[in-house]
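Asks: Have a look at this one before I ask anything.
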There are 2 protein chains.
Amino acid sequence: MKMLDFNRYTGQYDIESVIGGFESGALSDGDSVEVEGMIHRIRAMKSFAFFVLRTQRNLVQCVYEPKEGQKPVSEFNEEDSVRLRGKLVKDARSALGFEIHISDIKVLSSPAENLPIVINKKKLDCNVDIKLDYRPVSLRNPHERAALRIVDGIINAFRTFMHSEGFTEFVPPKIVSAGAEGGADMFEVDYFGEKALLNQSPQMYKQMMVGVFKKVFTVAPVFRAEKHSTTRHINEFEGLDFEMGFIDSFEDIMAVEARFMKYMFEYLSREYAPELSELGVALPEINDIPQFKFMEIKEIIAGEYNREFRNPNDLDPEEERLIGEYVMNKYSSPLVFITHYPSKKRPFYAMDDPEDPKYTLSFDLLLNGSEVTTGGQRIHDYNMQLEKINKRGMDAEEFKDFLMMHKYGMPPHGGLGIGLERLAMKLLGVDNIRTVTAFPRDIGRINP
Amino acid sequence: MKMLDFNRYTGQYDIESVIGGFESGALSDGDSVEVEGMIHRIRAMKSFAFFVLRTQRNLVQCVYEPKEGQKPVSEFNEEDSVRLRGKLVKDARSALGFEIHISDIKVLSSPAENLPIVINKKKLDCNVDIKLDYRPVSLRNPHERAALRIVDGIINAFRTFMHSEGFTEFVPPKIVSAGAEGGADMFEVDYFGEKALLNQSPQMYKQMMVGVFKKVFTVAPVFRAEKHSTTRHINEFEGLDFEMGFIDSFEDIMAVEARFMKYMFEYLSREYAPELSELGVALPEINDIPQFKFMEIKEIIAGEYNREFRNPNDLDPEEERLIGEYVMNKYSSPLVFITHYPSKKRPFYAMDDPEDPKYTLSFDLLLNGSEVTTGGQRIHDYNMQLEKINKRGMDAEEFKDFLMMHKYGMPPHGGLGIGLERLAMKLLGVDNIRTVTAFPRDIGRINP
């Protein structure tokens with residue numbers, strides 16, 4: 001028996017501490033430092049070599065000039081894991097402002113084979129399928145991994161912000177017996193011999209939890225068995241959802257989301273600057289966000305871009321793109337709320353507008369011309385919900401657990417769902433959602 | 001078109017602002033306040049009534065004495081959603097130190113039927129199946145919901161702590177083609193006509209991500225198609241996982257977990273005091289945590305409790321319980337690390353102890369006599385991993401995506417997995433894991 005040492009590991013070889021020390025002045029030219037990482041690139045010169053060390057967030061240029069009895073450069077490999085001691089040398093040309101002249105270097109582990117793709121160029125020079133086939137190594141490329149660091153930042157911003165607004169997180173079930181939106185496009189699971197489904201939305205559960213905690217949120221996977229194969233769709237994605245009770249209007253929900261967007265843009269700009277610059281993205285400050293009624297913006301776009309007025313019940317991708325362009329030009333806002341979507345296109349739990357029941361008290365949020373959020377007020381009255389379920393020819397019995405909360409009392413409430421990967425995709429302006437998904441699942445891929 | 005109002009909703013009717021104002025002295029006896037919530041209990045007296053208002057975290061006693069033209073008490077129902085204005089009246093007997101004398105009250109929504117179970121007593125007086133059948137309403141009971149608030153706190157503590165230690169969060173896939181531990185006990189999914197599986201662990205993916213970000217964590221569901229039906233098992237649970245590179249020993253991982261436990265115990269005691277007191281739980285301060293080798297503690301327990309020495313490869317639940325008792329008595333610690341588990345009982349990716357390959361460089365963490373974490377160092381060398389896969393008669397081809405990272409270089413690494421619900425169960429000392437699971441899934445239940 002012995003007592004555990006709480007402090008035996010403190011990330012003492014992380015480059016971050018060296019960077020911090022150099023920026024604060026605690027470390028300066030000539031000081032000795034110890035860091036660890038993987039050898040990202042080797043550039044061998046006559047009597048020495050440049051080892052570019054890949055650490056958590058940075059590339060660090062190191063110079064290795066083997067002395068008597070030291071391992072020759074030829075015995076090192078790219079992707080070796082190493083720990084080294086060296087002298088910090090100021091160098092204005094390097095991104096960090098310094099390089100490290102190695103005095104000792106220890107190889108902790110070496111690859112068995114050379115990489116199948118080149119990951120140490122600025123960008124990967126291969127198509128998306130190759131990138132995904134070799135995901136465990138292609139993500140080691142600094143440009144590729146930067147996109148996933150932003151995803152980490154978005155999740156953290158969402159959770160931090162939701163807590164600051166008094167929301168409680170809960171864990172929704174993934175295996176369910178009926179579909180939140182009626183059961184279409186759901187994956188089937190063999191549940192101990194019985195048929196079950198993979199949840200396509202935490203919708204019903206977050207509404208139930210509003211009766212418990214008033215304001216709730218969840219970060220959870222959702223599954224859509226949709227057959228389309230596009231650059232904007234994956235079949236398993238992460239949902240950032242919240243739901244809130246005692247609202248006076250669906251615009252209360254929009255206000256909370258607007259504050260989240262403002263918070264997230266600022267948080268990422270502050271905490272994820274290295275990744276954003278690697279990706280060449282500058283996030284604007286979020287101040288005014290315009291909002292239009294669905295029919296209003298459709299008419300504006302039809303006029304502005306003289307398109308004929310098609311499909312009065314929906315916005316097609318091209319229309320969304322034009323809305324984004326219009327709003328950016330006229331209000332210089334990357335964000336725009338579209339409200340009052342037609343009832344036909346909204347789910348059975350959506351609250352119709354009492355002033356015009358053909359439309360709902362609902363909204364979408366568009367970011368850079370593409371929908372990233374769908375939300376709205378829900379029906380809280382039992383009889384109203386029962387009536388709408390019946391009117392749609394759905395089986396009320398299948399929704400008895402859902403209707404339980406209405407029957408025993410619910411406050412006026414509503415909420416929204418954000419598609420994490422879609423949000424990251426539009427935020428970074430990448431052309432394929434798989435770029436911001438660590439291990440994407442689509443109709444043709446469940447590997448790695 | 002109009003510009004969105006960022007501040008139209010600020011939780012202005014949350015009781016929290018009143019409580020804060022009262023504690024800070026900004027609000028005092030006689031001040032007028034506005035709050036919203038659901039009527040948890042009505043106690044009608046001759047000329048007035050007590051309305052106990054249920055808010056996000058509190059019960060607030062309100063007094064309603066209808067004036068001329070005001071709604072009579074008889075027209076109010078328990079579970080009505082209301083917003084009220086009233087006078088704050090100091091009252092030493094009430095938990096909050098005040099009650100509210102209602103001047104105006106507005107009913108926002110009413111239930112269609114009376115509750116099927118009594119939720120406004122201190123504790124629910126029904127068995128676990130009834131509780132679960134009526135989950136949307138049974139969770140409205142303050143004692144029931146308090147357990148789920150603690151779950152919210154644990155998740156938040158984990159993410160906050162992991163970020164503070166420089167870990168990056170990623171989203172692992174849930175639908176996979178092969179099992180992390182070999183494919184036993186996994187649920188089958190019909191994936192567009194092909195057979196797929198629900199992931200039983202993010203293990204392989206978090207190891208892959210160590211090559212990308214060095215230190216990673218994930219909060220994600222895991223699925224186990226195990227047929228047992230016990231009070232300690234559910235078939236869908238939430239995993240808190242982390243994995244770290246460049247470790248000198250598996251004890252580096254234990255040090256990070258020990259700091260997390262210390263952080264979490266302090267965080268919950270500070271931020272979740274109302275829920276802990278509702279549950280009658282006082283969390284100890286975490287200082288020293290003893291660690292024993294597997295064989296060492298087995299012998300100690302066999303001796304201390306003179307049990308015959310059974311099964312040299314595993315600890316049974318009773319043995320774990322006795323270890324918890326022994327460690328609490330001798331070291332007054334609710335936590336204990338058990339290290340060096342037999343290779344036979346550890347997965348194919350576990351690193352064997354070079355000093356005695358019958359055992360692994362692995363550990364479990366027990367909390368109050370039950371395992372809440374399994375972790376250890378992983379094999380990082382390609383040939384060593386390949387050899388162990390072959391030695392176990394597994395098909396290396398099935399693991400080629402996993403082996404890809406070893407082949408192209410990995411630092412020495414390891415990590416752990418914490419079962420969120422198991423941790424909450426042991427932390428709160430509840431006797432059924434379903435108590436800390438919002439919507440538990442087991443062999444007999446996928447509803448609600």
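Lettering and numbering for the structure tokens are positional, with chains as A, B, ... in the shown order, residues counted from 1 in each chain, and ligands counted from 1 in the shown order.
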Find the residues of chain A in contact range of chain B, meaning any atom within 6 Å when counting only C-alpha atoms, and list them as a PyMOL selection string.

Replies: chain A and resi 1-4+6+9+56+79+81+109-113+115+136+140+152+169+176+188-190+208+212-214+252+255+289-292+401+405+407-409+411+446+448

Asks: Per DSSP on the backbone, filter region 5-227 of chain B down to the residues in alpha helix (DSSP H) and report them as number ranges by chain.

Replies: B: 15-24, 128-133, 135-138, 142-164, 203-213

Asks: I need the residue nearest Arg307 (chain A) from this list: A:Arg224, A:Glu271, A:Glu319, A:Val372. Use only C-alpha atoms for the distance.

Replies: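 Among the listed residues, A:Glu319 lies closest to Arg307 (chain A).
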
Asks: Hey, can you check how far CA of Met351 (chain A) sits from CA of Ile379 (chain A)?

Replies: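 Rounded to one decimal, the two atoms are 4.9 Å apart.
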
Asks: At what distance in Å, to one decimal, does CA of Lys344 (chain B) lie from CA of Glu308 (chain B)?

Replies: 21.3 Å

Asks: Rounded to one decimal place, report the CA of Leu240 (chain B)-CA of Asn329 (chain B) distance in Å.

Replies: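 Separating CA of Leu240 (chain B) from CA of Asn329 (chain B) is a distance of 29.1 Å.
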
Asks: Can you pull out every residue within 9 Å of Pro312 (chain B), counting only C-alpha atoms, but drop anything in the same chain fewer than 3 positions away, and send it as JSON, numbers by chain?

Replies: {"B": [295, 298, 309, 315, 342]}

Asks: Based on DSSP run over this structure's backbone, return all residues of region 206-429 of chain B in strand (DSSP E), as an MDAnalysis selection string.

Replies: chainID B and resid 215:223 236:245 290:293 335:339 362:367 370:377 413:419

Asks: With only C-alpha atoms as the counted atoms, please give the residues lying no more than 12 Å from Val430 (chain A), apart from itself and same-chain residues fewer than 3 positions off, as number ranges by chain.

Replies: A: 143-144, 147, 231-232, 279-281, 368, 421-427, 433-437

Asks: If you keep C-alpha atoms, can you produce a file of those selected residues as a PDB file, in the first residue's frame?

Replies:
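Result saved to result16.pdb:
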ATOM      1  CA  HIS A 143      -4.862  22.475 -40.570  1.00  0.00           C
ATOM      2  CA  GLU A 144      -7.123  19.422 -40.300  1.00  0.00           C
ATOM      3  CA  ALA A 147     -11.232  22.508 -37.297  1.00  0.00           C
ATOM      4  CA  THR A 231     -21.678  17.778 -48.341  1.00  0.00           C
ATOM      5  CA  ARG A 232     -24.106  19.223 -45.738  1.00  0.00           C
ATOM      6  CA  LEU A 279      -7.975  28.204 -40.669  1.00  0.00           C
ATOM      7  CA  GLY A 280      -7.876  31.780 -41.956  1.00  0.00           C
ATOM      8  CA  VAL A 281     -11.114  32.685 -40.203  1.00  0.00           C
ATOM      9  CA  ASN A 368     -23.736  32.690 -43.509  1.00  0.00           C
ATOM     10  CA  GLU A 421     -21.295  20.090 -37.053  1.00  0.00           C
ATOM     11  CA  ARG A 422     -23.487  22.274 -39.269  1.00  0.00           C
ATOM     12  CA  LEU A 423     -22.760  25.246 -37.026  1.00  0.00           C
ATOM     13  CA  ALA A 424     -19.013  24.588 -37.121  1.00  0.00           C
ATOM     14  CA  MET A 425     -19.133  24.120 -40.895  1.00  0.00           C
ATOM     15  CA  LYS A 426     -20.835  27.479 -41.510  1.00  0.00           C
ATOM     16  CA  LEU A 427     -18.755  29.244 -38.879  1.00  0.00           C
ATOM     17  CA  ILE A 433     -19.432  18.907 -43.021  1.00  0.00           C
ATOM     18  CA  ARG A 434     -17.109  15.892 -42.733  1.00  0.00           C
ATOM     19  CA  THR A 435     -14.214  18.324 -42.280  1.00  0.00           C
ATOM     20  CA  VAL A 436     -15.584  19.284 -38.841  1.00  0.00           C
ATOM     21  CA  THR A 437     -16.622  15.745 -37.865  1.00  0.00           C
TER      22      THR A 437
END

Asks: Need to verify the contact set: Glu371 (chain B), 8 Å, only C-alpha atoms, exclusion of same-chain residues closer than 6 positions in sequence. Can you return it as a ChimeraX atom specification?

Replies: /B:320,364-365

Asks: Take the residues that were just selected and, keeping C-alpha atoms, output them as a short mmCIF file (atom, residue, chain, number, x, y, z; two decimals), in the first residue's frame.

Replies:
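Below you can see again_22.cif, which holds the result:
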data_model
loop_
_atom_site.label_atom_id
_atom_site.label_comp_id
_atom_site.auth_asym_id
_atom_site.auth_seq_id
_atom_site.Cartn_x
_atom_site.Cartn_y
_atom_site.Cartn_z
CA GLU B 320 -15.25 -4.54 -3.32
CA ASP B 364 -9.74 0.57 -10.90
CA LEU B 365 -11.00 3.33 -8.66
#
